[in-house]
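Here is input12.pdb, consisting of PDB, C-alpha atoms, pLDDT in the B column:
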```pdb
ATOM      1  CA  MET Z1365     147.090 -13.664 -54.369  1.00 75.00           C
ATOM      2  CA  LEU Z1366     146.447 -10.336 -52.658  1.00 80.00           C
ATOM      3  CA  ASP Z1367     144.029 -11.889 -50.175  1.00 89.00           C
ATOM      4  CA  TRP Z1368     146.680 -14.431 -49.179  1.00 90.00           C
ATOM      5  CA  PHE Z1369     149.214 -11.645 -48.616  1.00 89.00           C
ATOM      6  CA  ALA Z1370     146.750  -9.583 -46.531  1.00 92.00           C
ATOM      7  CA  THR Z1371     145.836 -12.620 -44.427  1.00 93.00           C
ATOM      8  CA  THR Z1372     149.483 -13.529 -43.908  1.00 94.00           C
ATOM      9  CA  TRP Z1373     150.339  -9.922 -42.993  1.00 93.00           C
ATOM     10  CA  ASN Z1374     147.508  -9.758 -40.435  1.00 94.00           C
ATOM     11  CA  GLU Z1375     148.599 -13.083 -38.923  1.00 95.00           C
ATOM     12  CA  PHE Z1376     152.189 -11.780 -38.737  1.00 95.00           C
ATOM     13  CA  LYS Z1377     151.011  -8.607 -36.956  1.00 96.00           C
ATOM     14  CA  THR Z1378     149.006 -10.736 -34.524  1.00 96.00           C
ATOM     15  CA  PHE Z1379     152.070 -12.905 -33.935  1.00 96.00           C
ATOM     16  CA  LEU Z1380     154.290  -9.875 -33.237  1.00 96.00           C
ATOM     17  CA  TRP Z1381     151.670  -8.411 -30.889  1.00 96.00           C
ATOM     18  CA  SER Z1382     151.503 -11.699 -28.961  1.00 96.00           C
ATOM     19  CA  ILE Z1383     155.313 -11.615 -28.627  1.00 96.00           C
ATOM     20  CA  VAL Z1384     155.133  -8.062 -27.221  1.00 96.00           C
ATOM     21  CA  LEU Z1385     152.457  -9.123 -24.742  1.00 96.00           C
ATOM     22  CA  SER Z1386     154.485 -12.204 -23.764  1.00 97.00           C
ATOM     23  CA  VAL Z1387     157.622 -10.142 -23.115  1.00 96.00           C
ATOM     24  CA  GLN Z1388     155.580  -7.691 -21.045  1.00 96.00           C
ATOM     25  CA  GLU Z1389     154.085 -10.558 -19.031  1.00 96.00           C
ATOM     26  CA  MET Z1390     157.554 -12.091 -18.480  1.00 97.00           C
ATOM     27  CA  HIS Z1391     158.869  -8.719 -17.273  1.00 96.00           C
ATOM     28  CA  LYS Z1392     155.957  -8.395 -14.841  1.00 96.00           C
ATOM     29  CA  ASP Z1393     156.463 -11.961 -13.571  1.00 96.00           C
ATOM     30  CA  LEU Z1394     160.193 -11.385 -13.126  1.00 96.00           C
ATOM     31  CA  THR Z1395     159.558  -8.193 -11.142  1.00 95.00           C
ATOM     32  CA  ILE Z1396     157.016  -9.924  -8.896  1.00 95.00           C
ATOM     33  CA  TRP Z1397     159.384 -12.873  -8.408  1.00 95.00           C
ATOM     34  CA  MET Z1398     162.277 -10.571  -7.424  1.00 95.00           C
ATOM     35  CA  PHE Z1399     160.059  -8.655  -4.965  1.00 94.00           C
ATOM     36  CA  ASP Z1400     158.787 -11.919  -3.479  1.00 94.00           C
ATOM     37  CA  SER Z1401     162.367 -13.180  -3.103  1.00 93.00           C
ATOM     38  CA  PHE Z1402     163.369  -9.935  -1.375  1.00 91.00           C
ATOM     39  CA  LEU Z1403     160.454 -10.265   1.036  1.00 91.00           C
ATOM     40  CA  ASN Z1404     161.354 -13.896   1.776  1.00 91.00           C
ATOM     41  CA  ILE Z1405     164.960 -12.926   2.513  1.00 90.00           C
ATOM     42  CA  SER Z1406     163.740 -10.091   4.745  1.00 86.00           C
ATOM     43  CA  ARG Z1407     161.437 -12.483   6.608  1.00 87.00           C
ATOM     44  CA  LEU Z1408     164.307 -14.910   7.172  1.00 86.00           C
ATOM     45  CA  ALA Z1409     166.516 -12.078   8.436  1.00 81.00           C
ATOM     46  CA  LEU Z1410     163.832 -10.937  10.867  1.00 80.00           C
ATOM     47  CA  GLU Z1411     163.362 -14.492  12.109  1.00 81.00           C
ATOM     48  CA  GLY Z1412     167.116 -14.626  12.710  1.00 76.00           C
ATOM     49  CA  VAL Z1413     167.015 -11.394  14.696  1.00 74.00           C
ATOM     50  CA  ASP Z1414     164.333 -12.917  16.915  1.00 71.00           C
ATOM     51  CA  THR Z1415     166.835 -15.472  18.232  1.00 72.00           C
ATOM     52  CA  TYR Z1416     169.035 -12.696  19.617  1.00 72.00           C
ATOM     53  CA  PHE Z1417     166.220 -11.391  21.809  1.00 69.00           C
ATOM     54  CA  SER Z1418     164.870 -14.747  22.981  1.00 68.00           C
ATOM     55  CA  GLY Z1419     166.987 -14.658  26.159  1.00 69.00           C
ATOM     56  CA  LEU Z1420     165.970 -11.111  27.005  1.00 67.00           C
ATOM     57  CA  ASP Z1421     163.213 -11.168  29.602  1.00 68.00           C
ATOM     58  CA  VAL Z1422     162.237  -7.639  30.564  1.00 68.00           C
ATOM     59  CA  THR Z1423     159.654  -8.765  33.116  1.00 69.00           C
ATOM     60  CA  SER Z1424     162.353 -10.247  35.346  1.00 73.00           C
ATOM     61  CA  TYR Z1425     163.957  -6.801  35.585  1.00 75.00           C
ATOM     62  CA  THR Z1426     160.734  -4.907  36.173  1.00 74.00           C
ATOM     63  CA  SER Z1427     159.460  -7.327  38.815  1.00 78.00           C
ATOM     64  CA  SER Z1428     162.561  -6.732  40.961  1.00 82.00           C
ATOM     65  CA  ILE Z1429     161.851  -2.975  41.208  1.00 85.00           C
ATOM     66  CA  PRO Z1430     160.333  -1.977  44.565  1.00 88.00           C
ATOM     67  CA  SER Z1431     156.667  -1.046  44.386  1.00 87.00           C
ATOM     68  CA  GLU Z1432     157.257   2.550  45.540  1.00 90.00           C
ATOM     69  CA  LEU Z1433     159.816   3.141  42.814  1.00 89.00           C
ATOM     70  CA  GLY Z1434     157.543   1.487  40.248  1.00 86.00           C
ATOM     71  CA  TRP Z1435     154.691   3.779  41.230  1.00 88.00           C
ATOM     72  CA  PHE Z1436     156.945   6.855  40.976  1.00 91.00           C
ATOM     73  CA  LEU Z1437     158.284   5.828  37.554  1.00 88.00           C
ATOM     74  CA  ASN Z1438     154.753   5.222  36.374  1.00 88.00           C
ATOM     75  CA  GLN Z1439     153.610   8.639  37.617  1.00 92.00           C
ATOM     76  CA  ILE Z1440     156.352  10.535  35.768  1.00 93.00           C
ATOM     77  CA  GLY Z1441     155.657   8.582  32.535  1.00 90.00           C
ATOM     78  CA  VAL Z1442     158.740   6.394  32.131  1.00 87.00           C
ATOM     79  CA  PRO Z1443     156.847   3.496  30.446  1.00 84.00           C
ATOM     80  CA  GLN Z1444     155.375   5.836  27.839  1.00 89.00           C
ATOM     81  CA  ALA Z1445     158.767   7.444  27.257  1.00 89.00           C
ATOM     82  CA  LEU Z1446     160.417   4.063  26.785  1.00 87.00           C
ATOM     83  CA  THR Z1447     157.687   3.077  24.341  1.00 88.00           C
ATOM     84  CA  MET Z1448     158.290   6.242  22.322  1.00 91.00           C
ATOM     85  CA  ILE Z1449     162.062   5.697  22.308  1.00 91.00           C
ATOM     86  CA  VAL Z1450     161.805   2.062  21.188  1.00 87.00           C
ATOM     87  CA  THR Z1451     159.260   2.982  18.501  1.00 89.00           C
ATOM     88  CA  SER Z1452     161.432   5.788  17.148  1.00 90.00           C
ATOM     89  CA  LEU Z1453     164.503   3.554  17.069  1.00 89.00           C
ATOM     90  CA  THR Z1454     162.531   0.876  15.241  1.00 86.00           C
ATOM     91  CA  ILE Z1455     161.259   3.373  12.675  1.00 85.00           C
ATOM     92  CA  ARG Z1456     164.771   4.698  12.169  1.00 85.00           C
ATOM     93  CA  LEU Z1457     166.111   1.176  11.641  1.00 83.00           C
ATOM     94  CA  VAL Z1458     163.375   0.399   9.120  1.00 80.00           C
ATOM     95  CA  LEU Z1459     164.061   3.639   7.243  1.00 78.00           C
ATOM     96  CA  GLN Z1460     167.766   2.780   7.114  1.00 79.00           C
ATOM     97  CA  LEU Z1461     166.891  -0.509   5.435  1.00 78.00           C
ATOM     98  CA  ILE Z1462     164.874   1.169   2.659  1.00 76.00           C
ATOM     99  CA  PRO Z1463     167.097   2.309  -0.234  1.00 71.00           C
ATOM    100  CA  PHE Z1464     167.327   6.024  -1.094  1.00 68.00           C
ATOM    101  CA  THR Z1465     166.000   7.221   2.290  1.00 61.00           C
ATOM    102  CA  ARG Z1466     169.356   7.866   3.938  1.00 62.00           C
ATOM    103  CA  LEU Z1467     169.095  11.586   3.423  1.00 58.00           C
ATOM    104  CA  GLY Z1468     169.501  13.001   6.916  1.00 57.00           C
ATOM    105  CA  SER Z1469     171.124  10.230   8.894  1.00 53.00           C
TER     106      SER Z1469
END
```

Produce structure tokens that represent the structure in this file.
Amino acid sequence: MLDWFATTWNEFKTFLWSIVLSVQEMHKDLTIWMFDSFLNISRLALEGVDTYFSGLDVTSYTSSIPSELGWFLNQIGVPQALTMIVTSLTIRLVLQLIPFTRLGS
């Protein structure tokens, strides 16, 4: 009789432990699924933003600049400055999209 009770108790403990592991696995799967869904929504949003800039052709504006002015702008570093400005604006936009990082802006 006592052996049956000990065996049943050990099987019950094993059953409860498998339930704990299953709940933990479901929690992990739910978290991964939510993160994956967030990334998919972000990807769709970025693909939508791409349509706004499809008509913007910067090369048509830069090719109409006279060569002397282009040389002068290149010598004073305007392309590098524009690259830094666009990069900083992009980083600021990305930081605004991340929660809890809106401390100083």

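Counting all atoms listed in the file, the residue from Z:Glu1432, Z:Leu1446, Z:Leu1410, Z:Ile1383 that sits nearest to Val1458 (chain Z) is Z:Leu1410.
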
Practice item. Figure out the distance between CA of Leu1403 (chain Z) and CA of Pro1463 (chain Z), please, to one decimal in Å. Key: 14.3 Å

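For the pair CA of Leu1453 (chain Z) and CA of Pro1430 (chain Z), the interatomic distance is 28.4 Å.
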
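Distance-wise, CA of Leu1385 (chain Z) and CA of Ala1370 (chain Z) end up 22.5 Å apart.
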